[in-house]
>>> print(open('upload_24.cif').read())   # mmCIF, C-alpha atoms
data_target
loop_
_atom_site.group_PDB
_atom_site.id
_atom_site.type_symbol
_atom_site.label_atom_id
_atom_site.label_comp_id
_atom_site.auth_asym_id
_atom_site.auth_seq_id
_atom_site.Cartn_x
_atom_site.Cartn_y
_atom_site.Cartn_z
ATOM 1 C CA PHE A 1292 97.247 48.593 78.978
ATOM 2 C CA GLY A 1293 97.420 49.861 82.553
ATOM 3 C CA THR A 1294 99.155 53.065 81.469
ATOM 4 C CA LYS A 1295 96.690 53.761 78.654
ATOM 5 C CA GLU A 1296 93.771 52.948 80.945
ATOM 6 C CA PHE A 1297 95.056 55.388 83.555
ATOM 7 C CA LEU A 1298 95.599 58.187 81.017
ATOM 8 C CA SER A 1299 92.174 57.774 79.395
ATOM 9 C CA HIS A 1300 90.509 57.750 82.797
ATOM 10 C CA LEU A 1301 92.455 60.849 83.852
ATOM 11 C CA GLU A 1302 91.426 62.673 80.678
ATOM 12 C CA LEU A 1303 87.748 61.833 81.057
ATOM 13 C CA ASN A 1304 87.795 62.710 84.747
ATOM 14 C CA GLY A 1305 89.194 66.173 84.014
ATOM 15 C CA TYR A 1306 86.883 66.656 81.032
ATOM 16 C CA TYR A 1307 83.822 65.604 83.015
ATOM 17 C CA ASP A 1308 84.623 67.977 85.888
ATOM 18 C CA LEU A 1309 85.328 70.848 83.475
ATOM 19 C CA LEU A 1310 82.015 70.346 81.669
ATOM 20 C CA GLN A 1311 80.196 70.254 85.002
ATOM 21 C CA HIS A 1312 81.800 73.595 85.845
ATOM 22 C CA LEU A 1313 80.528 74.924 82.496
ATOM 23 C CA GLU A 1314 77.079 73.449 83.246
ATOM 24 C CA VAL A 1315 77.291 71.012 80.332
ATOM 25 C CA GLU A 1316 76.314 67.370 80.922
ATOM 26 C CA ILE A 1317 77.738 64.587 78.787
ATOM 27 C CA GLU A 1318 74.697 62.508 79.697
ATOM 28 C CA ARG A 1319 72.356 64.974 78.008
ATOM 29 C CA VAL A 1320 74.565 65.032 74.894
ATOM 30 C CA ILE A 1321 74.343 61.233 74.639
ATOM 31 C CA GLU A 1322 70.565 61.367 75.084
ATOM 32 C CA TRP A 1323 70.385 64.004 72.342
ATOM 33 C CA TYR A 1324 72.338 61.736 70.007
ATOM 34 C CA PHE A 1325 69.961 58.797 70.337
ATOM 35 C CA ILE A 1326 66.673 60.660 70.665
ATOM 36 C CA ASP A 1327 67.172 63.549 68.237
ATOM 37 C CA HIS A 1328 70.257 63.208 66.083
ATOM 38 C CA ILE A 1329 69.828 59.715 64.614
ATOM 39 C CA LYS A 1330 66.168 60.436 63.969
ATOM 40 C CA GLU A 1331 67.070 63.531 61.962
ATOM 41 C CA GLU A 1332 70.236 62.178 60.330
ATOM 42 C CA PHE A 1333 69.372 58.519 59.685
ATOM 43 C CA LYS A 1334 65.545 58.462 59.968
ATOM 44 C CA ILE A 1335 65.672 56.053 62.913
ATOM 45 C CA ASP A 1336 63.135 56.702 65.642
ATOM 46 C CA ASN A 1337 61.847 55.092 68.815
ATOM 47 C CA TYR A 1338 65.306 54.951 70.418
ATOM 48 C CA ILE A 1339 64.863 55.472 74.179
ATOM 49 C CA VAL A 1340 67.737 56.496 76.461
ATOM 50 C CA GLU A 1341 67.377 57.900 79.962
ATOM 51 C CA LEU A 1342 70.708 58.570 81.634
ATOM 52 C CA PRO A 1343 71.240 59.588 85.298
ATOM 53 C CA SER A 1344 70.144 62.989 86.501
ATOM 54 C CA THR A 1345 72.589 65.574 87.789
ATOM 55 C CA HIS A 1346 71.452 65.355 91.400
ATOM 56 C CA ALA A 1347 71.611 61.557 91.805
ATOM 57 C CA THR A 1348 74.352 60.021 93.925
ATOM 58 C CA TYR A 1349 77.128 58.279 92.024
ATOM 59 C CA ARG A 1350 75.882 54.928 93.296
ATOM 60 C CA GLU A 1351 72.458 55.717 91.825
ATOM 61 C CA LYS A 1352 74.116 56.944 88.627
ATOM 62 C CA CYS A 1353 76.005 53.653 88.280
ATOM 63 C CA LEU A 1354 72.833 51.616 88.788
ATOM 64 C CA THR A 1355 71.131 53.581 86.004
ATOM 65 C CA LEU A 1356 74.099 53.806 83.659
ATOM 66 C CA PHE A 1357 74.949 50.106 83.443
ATOM 67 C CA SER A 1358 71.302 49.225 82.962
ATOM 68 C CA GLU A 1359 70.877 51.811 80.188
ATOM 69 C CA MET A 1360 74.100 50.690 78.522
ATOM 70 C CA GLU A 1361 72.622 47.237 78.008
ATOM 71 C CA TYR A 1362 69.328 48.762 76.867
ATOM 72 C CA VAL A 1363 71.138 50.910 74.277
ATOM 73 C CA LEU A 1364 72.753 47.783 72.838
ATOM 74 C CA ALA A 1365 69.520 45.787 72.916
ATOM 75 C CA GLN A 1366 67.768 48.502 70.894
ATOM 76 C CA PHE A 1367 70.575 48.589 68.344
ATOM 77 C CA ASP A 1368 70.556 44.798 68.062
ATOM 78 C CA THR A 1369 66.811 44.874 67.416
ATOM 79 C CA TYR A 1370 67.283 47.504 64.716
ATOM 80 C CA VAL A 1371 69.962 45.387 62.999
ATOM 81 C CA ARG A 1372 67.697 42.337 62.989
ATOM 82 C CA TYR A 1373 64.378 43.964 62.037
ATOM 83 C CA LYS A 1374 65.355 47.401 60.638
ATOM 84 C CA SER A 1375 63.204 49.033 63.317
ATOM 85 C CA ILE A 1376 63.263 49.367 67.095
ATOM 86 C CA ASP A 1377 60.449 47.315 68.598
ATOM 87 C CA GLN A 1378 60.207 48.235 72.282
ATOM 88 C CA GLU A 1379 57.648 45.508 72.988
ATOM 89 C CA LEU A 1380 59.934 42.845 71.564
ATOM 90 C CA ILE A 1381 62.837 44.130 73.662
ATOM 91 C CA ALA A 1382 60.652 44.085 76.776
ATOM 92 C CA VAL A 1383 59.769 40.385 76.439
ATOM 93 C CA ASN A 1384 63.318 39.314 75.598
ATOM 94 C CA SER A 1385 65.011 38.589 78.925
ATOM 95 C CA ASN A 1386 68.195 37.068 77.491
ATOM 96 C CA GLY A 1387 71.396 38.867 78.392
ATOM 97 C CA LEU A 1388 73.521 40.289 75.603
ATOM 98 C CA LEU A 1389 76.986 39.007 74.764
ATOM 99 C CA PHE A 1390 79.236 41.513 73.021
ATOM 100 C CA SER A 1391 80.380 38.796 70.624
ATOM 101 C CA GLN A 1392 76.777 38.173 69.509
ATOM 102 C CA LEU A 1393 75.894 41.755 68.591
ATOM 103 C CA SER A 1394 75.511 41.884 64.820
ATOM 104 C CA SER A 1395 76.499 44.622 62.410
ATOM 105 C CA LEU A 1396 74.539 46.487 59.767
ATOM 106 C CA ILE A 1397 77.582 46.075 57.512
ATOM 107 C CA ASN A 1398 78.407 43.020 55.455
ATOM 108 C CA LYS A 1399 82.088 42.052 55.367
ATOM 109 C CA LYS A 1400 83.059 44.406 58.177
ATOM 110 C CA TYR A 1401 86.042 43.114 60.166
ATOM 111 C CA ILE A 1402 89.059 41.455 58.582
ATOM 112 C CA TYR A 1403 91.239 39.010 60.538
ATOM 113 C CA ALA A 1404 94.310 37.073 59.414
ATOM 114 C CA LYS A 1405 94.143 33.292 59.717
ATOM 115 C CA GLN A 1406 96.996 31.441 61.400
ATOM 116 C CA SER A 1407 98.866 30.660 58.164
ATOM 117 C CA LEU A 1408 98.916 34.368 57.275
ATOM 118 C CA GLN A 1409 99.914 35.312 60.824
ATOM 119 C CA ASN A 1410 103.006 33.124 60.418
ATOM 120 C CA ILE A 1411 103.941 35.083 57.303
ATOM 121 C CA MET A 1412 103.373 38.395 59.087
ATOM 122 C CA PHE A 1413 105.638 37.260 61.933
ATOM 123 C CA HIS A 1414 108.562 36.841 59.525
ATOM 124 C CA LEU A 1415 107.809 40.158 57.814
ATOM 125 C CA PHE A 1416 107.101 42.466 60.748
ATOM 126 C CA SER A 1417 108.184 40.987 64.075
ATOM 127 C CA ASP A 1418 111.373 42.151 65.788
ATOM 128 C CA GLN A 1419 111.798 38.483 66.778
ATOM 129 C CA SER A 1420 111.983 37.317 63.171
ATOM 130 C CA GLY A 1421 115.209 35.666 62.066
ATOM 131 C CA LEU A 1422 115.396 38.029 59.094
ATOM 132 C CA THR A 1423 116.034 41.337 60.896
ATOM 133 C CA TYR A 1424 119.827 41.142 61.152
ATOM 134 C CA ILE A 1425 122.509 40.380 58.574
ATOM 135 C CA ASP A 1426 125.444 42.310 60.053
ATOM 136 C CA ASP A 1427 126.059 45.595 61.860
ATOM 137 C CA THR A 1428 125.592 47.567 58.633
ATOM 138 C CA LEU A 1429 122.480 45.713 57.463
ATOM 139 C CA LYS A 1430 119.862 45.424 60.196
ATOM 140 C CA GLY A 1431 116.393 46.677 61.013
ATOM 141 C CA GLU A 1432 113.726 46.571 63.678
ATOM 142 C CA SER A 1433 111.986 44.058 61.399
ATOM 143 C CA PHE A 1434 112.493 42.449 58.019
ATOM 144 C CA PHE A 1435 109.987 44.985 56.707
ATOM 145 C CA ALA A 1436 112.210 47.856 57.910
ATOM 146 C CA LEU A 1437 115.367 46.151 56.633
ATOM 147 C CA ILE A 1438 114.025 45.762 53.093
ATOM 148 C CA THR A 1439 112.190 49.107 52.992
ATOM 149 C CA PHE A 1440 115.187 51.230 53.983
ATOM 150 C CA ASN A 1441 118.028 49.233 52.414
ATOM 151 C CA GLU A 1442 118.832 47.661 49.072
ATOM 152 C CA VAL A 1443 119.695 44.107 50.077
ATOM 153 C CA LYS A 1444 120.841 41.497 47.599
ATOM 154 C CA MET A 1445 119.881 37.876 48.083
ATOM 155 C CA GLU A 1446 123.535 36.889 48.395
ATOM 156 C CA LYS A 1447 123.918 39.135 51.448
ATOM 157 C CA PHE A 1448 121.616 36.948 53.543
ATOM 158 C CA HIS A 1449 123.061 34.036 55.461
ATOM 159 C CA ASN A 1450 122.330 30.560 54.115
ATOM 160 C CA TYR A 1451 119.694 29.835 56.744
ATOM 161 C CA GLN A 1452 118.008 33.167 55.950
ATOM 162 C CA GLN A 1453 118.065 32.638 52.185
ATOM 163 C CA GLN A 1454 115.889 29.572 52.586
ATOM 164 C CA LEU A 1455 113.154 31.614 54.273
ATOM 165 C CA VAL A 1456 113.501 34.535 51.859
ATOM 166 C CA GLN A 1457 113.085 32.100 48.961
ATOM 167 C CA GLN A 1458 109.886 30.778 50.565
ATOM 168 C CA LEU A 1459 108.552 34.352 50.706
ATOM 169 C CA ILE A 1460 109.477 34.752 47.032
ATOM 170 C CA ASP A 1461 107.680 31.524 46.141
ATOM 171 C CA LEU A 1462 104.585 32.788 48.009
ATOM 172 C CA ASN A 1463 104.664 36.045 45.967
ATOM 173 C CA TYR A 1464 105.520 38.385 48.831
ATOM 174 C CA LEU A 1465 109.000 39.178 47.523
ATOM 175 C CA ILE A 1466 110.766 39.350 44.166
ATOM 176 C CA LEU A 1467 114.372 39.667 42.999
ATOM 177 C CA ASP A 1468 114.890 42.562 40.599
ATOM 178 C CA ASP A 1469 117.328 42.525 37.671
ATOM 179 C CA TYR A 1470 120.192 43.348 40.057
ATOM 180 C CA GLY A 1471 119.386 40.567 42.518
ATOM 181 C CA ILE A 1472 117.990 43.008 45.098
ATOM 182 C CA VAL A 1473 115.137 41.733 47.275
ATOM 183 C CA ARG A 1474 112.036 43.898 46.829
ATOM 184 C CA TRP A 1475 108.320 43.734 47.610
ATOM 185 C CA GLU A 1476 106.313 41.932 44.957
ATOM 186 C CA ASN A 1477 103.230 44.061 45.755
ATOM 187 C CA PRO A 1478 103.637 47.033 48.136
ATOM 188 C CA ASN A 1479 99.851 47.326 48.548
ATOM 189 C CA LYS A 1480 99.648 43.758 49.838
ATOM 190 C CA ILE A 1481 102.475 44.438 52.310
ATOM 191 C CA SER A 1482 100.792 47.645 53.488
ATOM 192 C CA LEU A 1483 97.615 45.693 54.232
ATOM 193 C CA LEU A 1484 99.518 42.982 56.109
ATOM 194 C CA ASN A 1485 101.414 45.603 58.117
ATOM 195 C CA ASP A 1486 98.083 47.120 59.197
ATOM 196 C CA LEU A 1487 96.753 43.696 60.215
ATOM 197 C CA TYR A 1488 99.933 42.866 62.122
ATOM 198 C CA LYS A 1489 99.911 46.107 64.117
ATOM 199 C CA ASN A 1490 96.181 46.236 64.885
ATOM 200 C CA GLU A 1491 95.134 42.550 64.590
ATOM 201 C CA VAL A 1492 92.018 43.690 62.722
ATOM 202 C CA THR A 1493 90.974 46.156 60.057
ATOM 203 C CA ILE A 1494 87.630 47.392 58.730
ATOM 204 C CA TYR A 1495 87.065 46.479 55.096
ATOM 205 C CA HIS A 1496 84.994 49.561 54.265
ATOM 206 C CA ARG A 1497 87.595 51.900 55.783
ATOM 207 C CA LEU A 1498 90.247 50.649 53.367
ATOM 208 C CA PRO A 1499 90.958 52.354 50.032
ATOM 209 C CA GLN A 1500 89.686 50.412 47.055
ATOM 210 C CA VAL A 1501 93.153 49.236 46.068
ATOM 211 C CA LEU A 1502 93.548 47.511 49.467
ATOM 212 C CA GLN A 1503 90.010 46.112 49.355
ATOM 213 C CA LYS A 1504 91.058 44.283 46.187
ATOM 214 C CA GLU A 1505 93.990 42.754 48.072
ATOM 215 C CA VAL A 1506 91.613 41.645 50.837
ATOM 216 C CA ASP A 1507 89.375 39.978 48.241
ATOM 217 C CA ILE A 1508 92.374 38.065 46.880
ATOM 218 C CA PHE A 1509 93.299 36.893 50.378
ATOM 219 C CA ILE A 1510 89.692 35.794 50.926
ATOM 220 C CA ASP A 1511 89.791 33.737 47.725
ATOM 221 C CA GLU A 1512 93.046 32.173 48.940
ATOM 222 C CA GLY A 1513 91.455 31.293 52.291
ATOM 223 C CA LEU A 1514 93.955 33.363 54.295
ATOM 224 C CA ILE A 1515 91.566 35.887 55.839
ATOM 225 C CA GLU A 1516 88.459 35.642 58.019
ATOM 226 C CA ILE A 1517 85.550 38.072 57.835
ATOM 227 C CA GLU A 1518 83.037 38.835 60.569
ATOM 228 C CA SER A 1519 80.067 41.203 60.659
ATOM 229 C CA THR A 1520 79.710 42.169 64.314
ATOM 230 C CA LEU A 1521 79.230 45.490 66.064
ATOM 231 C CA PHE A 1522 82.494 45.139 67.960
ATOM 232 C CA SER A 1523 85.775 43.652 66.821
ATOM 233 C CA ARG A 1524 87.203 40.735 68.793
ATOM 234 C CA LEU A 1525 89.590 43.025 70.666
ATOM 235 C CA GLU A 1526 86.774 45.417 71.495
ATOM 236 C CA GLN A 1527 84.675 42.523 72.748
ATOM 237 C CA GLN A 1528 87.502 41.591 75.098
ATOM 238 C CA TYR A 1529 87.816 45.218 76.213
ATOM 239 C CA PHE A 1530 84.151 45.474 77.200
ATOM 240 C CA ASP A 1531 84.096 42.006 78.744
ATOM 241 C CA TYR A 1532 87.088 42.902 80.913
ATOM 242 C CA TYR A 1533 85.318 45.918 82.397
ATOM 243 C CA LEU A 1534 81.745 44.719 82.557
ATOM 244 C CA ASN A 1535 81.452 40.970 83.147
ATOM 245 C CA ASN A 1536 83.336 37.725 83.683
ATOM 246 C CA HIS A 1537 82.601 36.192 80.296
ATOM 247 C CA GLN A 1538 86.284 36.040 79.248
ATOM 248 C CA PHE A 1539 88.306 37.308 82.225
ATOM 249 C CA GLN A 1540 88.138 36.230 85.831
ATOM 250 C CA ASN A 1541 90.273 39.198 86.926
ATOM 251 C CA GLY A 1542 88.080 41.851 85.259
ATOM 252 C CA LEU A 1543 86.227 44.641 87.035
ATOM 253 C CA GLN A 1544 82.774 43.079 86.388
ATOM 254 C CA LEU A 1545 81.127 46.487 86.835
ATOM 255 C CA ARG A 1546 77.936 45.575 85.033
ATOM 256 C CA ASN A 1547 77.508 42.408 87.083
ATOM 257 C CA LYS A 1548 78.223 44.142 90.369
ATOM 258 C CA TYR A 1549 75.704 46.941 89.859
ATOM 259 C CA MET A 1550 73.022 44.924 88.095
ATOM 260 C CA HIS A 1551 73.105 42.329 90.888
ATOM 261 C CA ARG A 1552 73.647 44.857 93.702
ATOM 262 C CA ARG A 1553 77.075 43.496 94.644
ATOM 263 C CA GLN A 1554 78.726 46.877 95.194
ATOM 264 C CA VAL A 1555 78.508 47.067 98.983
ATOM 265 C CA MET A 1556 81.297 48.640 101.024
ATOM 266 C CA LEU A 1557 82.079 51.222 98.323
ATOM 267 C CA ASP A 1558 82.144 54.902 99.201
ATOM 268 C CA GLU A 1559 80.900 57.710 96.948
ATOM 269 C CA ARG A 1560 84.383 58.405 95.604
ATOM 270 C CA GLN A 1561 84.722 54.806 94.412
ATOM 271 C CA HIS A 1562 81.251 54.914 92.880
ATOM 272 C CA LYS A 1563 82.308 58.045 90.969
ATOM 273 C CA GLN A 1564 85.375 56.289 89.551
ATOM 274 C CA ASN A 1565 83.224 53.356 88.445
ATOM 275 C CA TYR A 1566 80.700 55.747 86.939
ATOM 276 C CA LEU A 1567 83.366 57.482 84.871
ATOM 277 C CA ILE A 1568 84.630 54.126 83.616
ATOM 278 C CA GLY A 1569 81.064 53.230 82.631
ATOM 279 C CA LEU A 1570 80.632 56.612 80.967
ATOM 280 C CA LYS A 1571 83.806 56.077 78.966
ATOM 281 C CA LEU A 1572 82.494 52.718 77.773
ATOM 282 C CA LEU A 1573 79.140 54.232 76.844
ATOM 283 C CA ILE A 1574 80.882 56.936 74.799
ATOM 284 C CA CYS A 1575 82.768 54.162 72.978
ATOM 285 C CA ILE A 1576 79.449 52.441 72.281
ATOM 286 C CA VAL A 1577 77.998 55.678 70.881
ATOM 287 C CA LEU A 1578 80.993 56.019 68.554
ATOM 288 C CA LYS A 1579 80.662 52.415 67.375
ATOM 289 C CA ILE A 1580 76.924 52.732 66.734
ATOM 290 C CA ASN A 1581 77.402 56.029 64.917
ATOM 291 C CA GLU A 1582 80.064 54.405 62.732
ATOM 292 C CA GLU A 1583 77.574 51.648 61.898
ATOM 293 C CA PHE A 1584 74.905 54.107 60.814
ATOM 294 C CA CYS A 1585 77.403 56.123 58.756
ATOM 295 C CA LEU A 1586 78.851 53.089 56.968
ATOM 296 C CA ALA A 1587 75.374 51.705 56.316
ATOM 297 C CA ALA A 1588 74.310 55.051 54.857
ATOM 298 C CA ASP A 1589 77.395 55.056 52.596
ATOM 299 C CA GLU A 1590 76.548 51.561 51.399
#
>>> encode(input="upload_24.cif", output="structure tokens")
Amino acid sequence: FGTKEFLSHLELNGYYDLLQHLEVEIERVIEWYFIDHIKEEFKIDNYIVELPSTHATYREKCLTLFSEMEYVLAQFDTYVRYKSIDQELIAVNSNGLLFSQLSSLINKKYIYAKQSLQNIMFHLFSDQSGLTYIDDTLKGESFFALITFNEVKMEKFHNYQQQLVQQLIDLNYLILDDYGIVRWENPNKISLLNDLYKNEVTIYHRLPQVLQKEVDIFIDEGLIEIESTLFSRLEQQYFDYYLNNHQFQNGLQLRNKYMHRRQVMLDERQHKQNYLIGLKLLICIVLKINEEFCLAADE
């Protein structure tokens, strides 16, 4: 995470400075998106966003940015609930927003594997599974790789492995063909599980129809959870880490520090770094909100 965080921050820092040199402001682009673009593209009006001016200090920019970030989310949340943005309602609502409580415009949005299915995925895809190695000629980074790239007969597995392979056969993840070779019972199902194992979440409406059908079967079997929130669970953790102490005590708590004026002893350089982190998060929010509007329009 630290490496990816550093690289993304380095990229945005260079991009931001380059755009400044070209007299282009990301802040004005984001304002254009909310004020003009979604009104023209999705017929949604009354969205108000006022990001920091060019000549403000980075401390002043941070104070404005983290406040506007919350306001952007409050307006979206109001739109989800009432299908319009009611500025008066937002003004009287003093409750803080939790990322986990922000709803989605999309029904059946995020797909998560329940614990029983996670146990299956461990045996199929983990490099710690007991099914990755038979001998020096038959091995793989995972059982998935072993079966995908080799033709392995049941008899080749050790006795203790055969027991587990048989369980996977009984659960309809594997079959034995006419030659006794272990194969996938349904490659589409395995593809879906591989996606869930790697990413811990997937978006139902981003899946091809053939995989949506597999999700529906898993739902009927009680193996998958569905949530309709703006952010996935991992994304909620990501924002909480940077902005508050809701889940992590070792997070940056940037929103809390600037909203409650607890950023003393920082110089302008440090304020700039915090501002760029906040700007990165706001860009992520724009992308998530735009995805919501696009998926809702498709529906």
>>> resolve_selection(input="upload_24.cif", expression="the PyMOL selection byres ((chain A and resi 1412-1424) around 8)", output="list in words")
Leu1408, Gln1409, Asn1410, Ile1411, Ile1425, Asp1426, Asp1427, Leu1429, Lys1430, Gly1431, Glu1432, Ser1433, Phe1434, Phe1435, Ala1436, Leu1437, Gln1452, Leu1484, Asn1485 and Tyr1488 of chain A
>>> axis_aligned_box(input="upload_24.cif", around="stretch 1335-1348 of chain A", padding_each_side="5 Å", output="AutoDock Vina command-line options")
--center_x 68.1 --center_y 60.3 --center_z 78.4 --size_x 22.5 --size_y 20.6 --size_z 41.0
>>> resolve_selection(input="upload_24.cif", expression="the PyMOL selection byres ((chain A and resi 1362-1368) around 8)", output="JSON list (two decimals) with C-alpha atoms, in the coordinates of the input")
[["chain", "number", "residue", "atom", "x", "y", "z"],
["A", 1338, "TYR", "CA", 65.31, 54.95, 70.42],
["A", 1339, "ILE", "CA", 64.86, 55.47, 74.18],
["A", 1340, "VAL", "CA", 67.74, 56.50, 76.46],
["A", 1358, "SER", "CA", 71.30, 49.22, 82.96],
["A", 1359, "GLU", "CA", 70.88, 51.81, 80.19],
["A", 1360, "MET", "CA", 74.10, 50.69, 78.52],
["A", 1361, "GLU", "CA", 72.62, 47.24, 78.01],
["A", 1369, "THR", "CA", 66.81, 44.87, 67.42],
["A", 1370, "TYR", "CA", 67.28, 47.50, 64.72],
["A", 1371, "VAL", "CA", 69.96, 45.39, 63.00],
["A", 1372, "ARG", "CA", 67.70, 42.34, 62.99],
["A", 1376, "ILE", "CA", 63.26, 49.37, 67.10],
["A", 1377, "ASP", "CA", 60.45, 47.32, 68.60],
["A", 1378, "GLN", "CA", 60.21, 48.24, 72.28],
["A", 1381, "ILE", "CA", 62.84, 44.13, 73.66],
["A", 1388, "LEU", "CA", 73.52, 40.29, 75.60],
["A", 1393, "LEU", "CA", 75.89, 41.76, 68.59],
["A", 1394, "SER", "CA", 75.51, 41.88, 64.82],
["A", 1580, "ILE", "CA", 76.92, 52.73, 66.73]]
>>> atom_distance(input="upload_24.cif", atom1="atom CA of A:Val1456", atom2="atom CA of A:Ile1508")
22.0 Å
>>> residues_around(input="upload_24.cif", residues="A:Glu1446", least_positions_apart="5", cutoff="9 Å", atoms="only C-alpha atoms", output="PyMOL selection string")
chain A and resi 1453+1471-1472
>>> atom_distance(input="upload_24.cif", atom1="atom CA of A:Phe1530", atom2="atom CA of A:Asn1384")
21.8 Å
>>> resolve_selection(input="upload_24.cif", expression="the PyMOL selection byres ((chain A and resi 1477-1481) around 10)", output="PyMOL selection string")
chain A and resi 1412+1415-1416+1435+1463-1466+1474-1476+1482-1487+1501-1506+1508-1509
>>> closest_residue(input="upload_24.cif", among="A:Leu1557, A:Leu1396, A:Ile1517, A:Val1473", to="A:Glu1582", atoms="all atoms listed in the file")
A:Leu1396
